[in-house]
Amino acid sequence: MNPNKTATKTSESKNAKKLESARVEMKGVSKSYGEDWDAEEVIKNISVDFPAGELTVIVGPSGCGKSTLVNLLAGFEKPDTGQVTIDGEIVTGPAKDRMVVFQETALIPWQTTLENVTFGPKMRGDKQGASLNKEAEELLIKVGLGEFMHKYPIQLSGGMQRRAELARALINEPTVMIMDEPFRGLDAMSRSLMQEFFLQLFEENQKTNIFVTSEIDEAIFLADNLVILSNKPTTVQTVIKIDLPRPRNYKMLTSAKAFKYRKQAMELLHGEAMKSFAVSK
Ligand code: ADP
Ligand code: MG
């Protein structure tokens, strides 16, 4: 197939179709760091299901092993026991069907926003030329950066940089998006705008999303499923189904249902945070 032909009238519906989703599972996953005699167990026998096309939020105290979980899901690290599967296939390393967006910006400073978005597919030889540029431009317009395509990362605000990173991940048409505290460090206003923007994208595409945060309100606002972690060695304490309607809006966070979820999550997380505080004293 001629790749230049695929992006002719890449309409929204076509894009949405391309973005298929997959079921991700962790089964009996454990992970320790260090030598045998001095090993520190970070992840302890975690089994959790990330249903296809749903947004699952992982929430846990700082330092409990959330990024370690992300690295295992992405295939950057290998579990000591157990396995991660995508639609039943065991993950053995990183692949472009699983895109990760980190808290730290990973934009290349000497490339424009557009060049940053086209860089990955170009390097891998997946897509190229005018059709790739057009696809990238459409994505950047979609994330609200139409006016900023030819600017450099330093010329973008924090929120814009995160949106550029989203576009950079989406150009690879991943089946799974993994986000590791992507909005941490943004000011409160930008953060809440980014949450709403991210939800819009998700509600449009409905692809499997795994979103890591340490903020309870963010977690409840976004999630279909909320996975609450314990302290190290980390296990899954509870999975709560967040039964708030979509499309979501901020008013839902003040509903009685959301309050009940928040109370439940806070009680569990507070207990865990207290334990880690006692250990580190
Ligand atoms: P979180 O993202 O929840 O803040 P992390 O997954 O970054 O937590 O870290 C969990 C624990 O694992 C920490 O105690 C950290 O020191 C340890 N850890 C993470 N990555 C490594 C590594 N590559 N080598 C050694 N220890 C690590
Ligand atoms: Mg982390």
# chains A, B, ... in the order shown; residues from 1 in each chain; ligands from 1
$ closest_atom_pairs --of "chain A" --to "ligand 2" --cutoff "7 Å" --atoms "only C-alpha atoms and all ligand atoms" --output "Markdown table"
| residue | atom | partner | partner_atom_place_in_ligand_line | distance |
| --- | --- | --- | --- | --- |
| A:Gly63 | CA | ligand 2 | 1 (Mg) | 6.7 |
| A:Gly65 | CA | ligand 2 | 1 (Mg) | 6.9 |
| A:Lys66 | CA | ligand 2 | 1 (Mg) | 5.3 |
| A:Ser67 | CA | ligand 2 | 1 (Mg) | 4.1 |
| A:Asp180 | CA | ligand 2 | 1 (Mg) | 6.7 |
$ residues_near_ligand --ligand "ligand 1" --cutoff "8 Å" --atoms "only C-alpha atoms and all ligand atoms" --output "PDB file with C-alpha atoms, in the first residue's frame"
ATOM      1  CA  SER A  32      12.643  -6.275  42.870  1.00  0.00           C
ATOM      2  CA  TYR A  33      15.657  -4.051  42.426  1.00  0.00           C
ATOM      3  CA  GLY A  34      19.177  -4.668  43.691  1.00  0.00           C
ATOM      4  CA  GLU A  40      14.203  -4.460  47.514  1.00  0.00           C
ATOM      5  CA  VAL A  42       8.893  -2.958  44.836  1.00  0.00           C
ATOM      6  CA  GLY A  60      -0.862   5.295  44.835  1.00  0.00           C
ATOM      7  CA  PRO A  61       1.405   7.088  47.281  1.00  0.00           C
ATOM      8  CA  SER A  62       4.585   8.684  46.010  1.00  0.00           C
ATOM      9  CA  GLY A  63       7.451   6.204  45.717  1.00  0.00           C
ATOM     10  CA  CYS A  64       5.190   3.148  45.883  1.00  0.00           C
ATOM     11  CA  GLY A  65       6.181   1.844  42.458  1.00  0.00           C
ATOM     12  CA  LYS A  66       3.831   3.480  39.940  1.00  0.00           C
ATOM     13  CA  SER A  67       6.581   4.283  37.451  1.00  0.00           C
ATOM     14  CA  THR A  68       7.945   0.782  37.927  1.00  0.00           C
ATOM     15  CA  LEU A  69       4.523  -0.526  36.887  1.00  0.00           C
ATOM     16  CA  VAL A  70       4.570   1.783  33.855  1.00  0.00           C
ATOM     17  CA  ASP A 180       2.797   8.513  33.905  1.00  0.00           C
ATOM     18  CA  LYS A 232       5.872  -0.802  49.019  1.00  0.00           C
TER      19      LYS A 232
END
$ select_by_dssp --residues "segment 34-271 of chain A" --states "strand (DSSP E)" --output "PyMOL selection string"
chain A and resi 40-50+55-59+81-86+89-90+98-101+176-180+208-213+225-229+236-241
$ closest_residue --among "A:Thr254, A:Thr56, A:Gln195, A:Ser21" --to "Ala223 of chain A" --atoms "only C-alpha atoms"
A:Thr56
$ closest_residue --among "A:Glu54, A:Glu196, A:Glu181, A:Asp80" --to "Glu41 of chain A" --atoms "only C-alpha atoms"
A:Asp80
$ closest_atom_pairs --of "segment 17-110 of chain A" --to "segment 235-249 of chain A" --cutoff "8 Å" --atoms "only C-alpha atoms" --output "tab-separated table"
residue	atom	partner	partner_atom	distance
A:Ile43	CA	A:Thr235	CA	6.5
A:Lys44	CA	A:Thr235	CA	5.5
A:Asn45	CA	A:Thr235	CA	6.6
A:Ile46	CA	A:Thr235	CA	5.6
A:Ser47	CA	A:Val236	CA	7.7
A:Val48	CA	A:Val236	CA	7.8
$ write_last_selection --atoms "N, CA, C and O atoms" --output "short mmCIF file (atom, residue, chain, number, x, y, z; two decimals), in the first residue's frame"
data_model
loop_
_atom_site.label_atom_id
_atom_site.label_comp_id
_atom_site.auth_asym_id
_atom_site.auth_seq_id
_atom_site.Cartn_x
_atom_site.Cartn_y
_atom_site.Cartn_z
N ILE A 43 7.34 -4.32 43.56
CA ILE A 43 6.01 -4.78 43.13
C ILE A 43 5.83 -6.22 43.62
O ILE A 43 6.68 -7.07 43.37
N LYS A 44 4.72 -6.46 44.29
CA LYS A 44 4.52 -7.78 44.88
C LYS A 44 3.25 -8.42 44.33
O LYS A 44 2.15 -8.00 44.64
N ASN A 45 3.44 -9.37 43.46
CA ASN A 45 2.35 -10.21 42.99
C ASN A 45 1.10 -9.44 42.56
O ASN A 45 0.01 -9.64 43.10
N ILE A 46 1.28 -8.55 41.60
CA ILE A 46 0.14 -7.74 41.13
C ILE A 46 -0.56 -8.41 39.95
O ILE A 46 0.08 -8.79 38.97
N SER A 47 -1.87 -8.56 40.09
CA SER A 47 -2.69 -9.01 38.97
C SER A 47 -3.78 -7.97 38.77
O SER A 47 -4.51 -7.66 39.71
N VAL A 48 -3.82 -7.41 37.59
CA VAL A 48 -4.85 -6.40 37.32
C VAL A 48 -5.17 -6.39 35.84
O VAL A 48 -4.31 -6.66 35.00
#
$ closest_residue --among "A:Thr112, A:Thr85, A:Thr105, A:Asn172" --to "Leu132 of chain A" --atoms "only C-alpha atoms"
A:Asn172
$ residues_around --residues "Gly82 of chain A" --least-positions-apart "2" --cutoff "7 Å" --atoms "only C-alpha atoms" --output "MDAnalysis selection string"
chainID A and resid 27:30 79:80
$ write_last_selection --atoms "all heavy atoms" --output "mmCIF file, in the first residue's frame"
data_model
loop_
_atom_site.group_PDB
_atom_site.id
_atom_site.type_symbol
_atom_site.label_atom_id
_atom_site.label_comp_id
_atom_site.auth_asym_id
_atom_site.auth_seq_id
_atom_site.Cartn_x
_atom_site.Cartn_y
_atom_site.Cartn_z
ATOM 1 N N LYS A 27 -0.427 -10.334 35.251
ATOM 2 C CA LYS A 27 -0.755 -11.538 36.029
ATOM 3 C C LYS A 27 0.407 -11.917 36.919
ATOM 4 O O LYS A 27 1.501 -12.203 36.411
ATOM 5 C CB LYS A 27 -1.038 -12.701 35.071
ATOM 6 C CG LYS A 27 -2.487 -12.769 34.634
ATOM 7 C CD LYS A 27 -2.775 -14.088 33.931
ATOM 8 C CE LYS A 27 -3.662 -13.851 32.724
ATOM 9 N NZ LYS A 27 -3.323 -14.608 31.554
ATOM 10 N N GLY A 28 0.185 -11.877 38.218
ATOM 11 C CA GLY A 28 1.201 -12.312 39.188
ATOM 12 C C GLY A 28 2.547 -11.643 39.012
ATOM 13 O O GLY A 28 3.591 -12.273 39.143
ATOM 14 N N VAL A 29 2.520 -10.318 38.724
ATOM 15 C CA VAL A 29 3.774 -9.616 38.428
ATOM 16 C C VAL A 29 4.479 -9.146 39.701
ATOM 17 O O VAL A 29 3.870 -8.498 40.560
ATOM 18 C CB VAL A 29 3.502 -8.404 37.502
ATOM 19 C CG1 VAL A 29 4.719 -7.495 37.417
ATOM 20 C CG2 VAL A 29 3.107 -8.889 36.110
ATOM 21 N N SER A 30 5.743 -9.505 39.824
ATOM 22 C CA SER A 30 6.582 -9.016 40.924
ATOM 23 C C SER A 30 7.849 -8.428 40.333
ATOM 24 O O SER A 30 8.300 -8.843 39.264
ATOM 25 C CB SER A 30 6.969 -10.150 41.873
ATOM 26 O OG SER A 30 5.815 -10.750 42.388
ATOM 27 N N PRO A 79 9.360 -8.281 34.240
ATOM 28 C CA PRO A 79 8.986 -8.726 35.588
ATOM 29 C C PRO A 79 9.858 -9.888 36.054
ATOM 30 O O PRO A 79 10.350 -10.650 35.229
ATOM 31 C CB PRO A 79 7.528 -9.171 35.426
ATOM 32 C CG PRO A 79 7.252 -9.255 33.983
ATOM 33 C CD PRO A 79 8.339 -8.553 33.233
ATOM 34 N N ASP A 80 10.054 -10.004 37.381
ATOM 35 C CA ASP A 80 10.796 -11.160 37.922
ATOM 36 C C ASP A 80 9.905 -12.396 37.875
ATOM 37 O O ASP A 80 10.360 -13.496 37.603
ATOM 38 C CB ASP A 80 11.205 -10.904 39.379
ATOM 39 C CG ASP A 80 12.145 -9.718 39.492
ATOM 40 O OD1 ASP A 80 12.836 -9.424 38.500
ATOM 41 O OD2 ASP A 80 12.168 -9.076 40.563
#
$ residues_around --residues "Lys275 of chain A" --least-positions-apart "5" --cutoff "12 Å" --atoms "only C-alpha atoms" --output "list in words"
Pro61, Cys64, Ser230, Asn231, Lys232, Pro233, Leu268, Leu269, His270, Ser280 and Lys281 of chain A
$ select_by_dssp --residues "segment 145-237 of chain A" --states "helix (DSSP H, G or I)" --output "MDAnalysis selection string"
chainID A and resid 146:148 153:155 158:170 188:205 216:222
$ atom_distance --atom1 "atom CA of Gln161 of chain A" --atom2 "atom CA of Ser192 of chain A"
15.1 Å
$ atom_distance --atom1 "atom CA of Pro174 of chain A" --atom2 "atom CA of Gln155 of chain A"
27.5 Å
$ atom_distance --atom1 "atom CA of Leu229 of chain A" --atom2 "atom CA of Phe198 of chain A"
23.1 Å
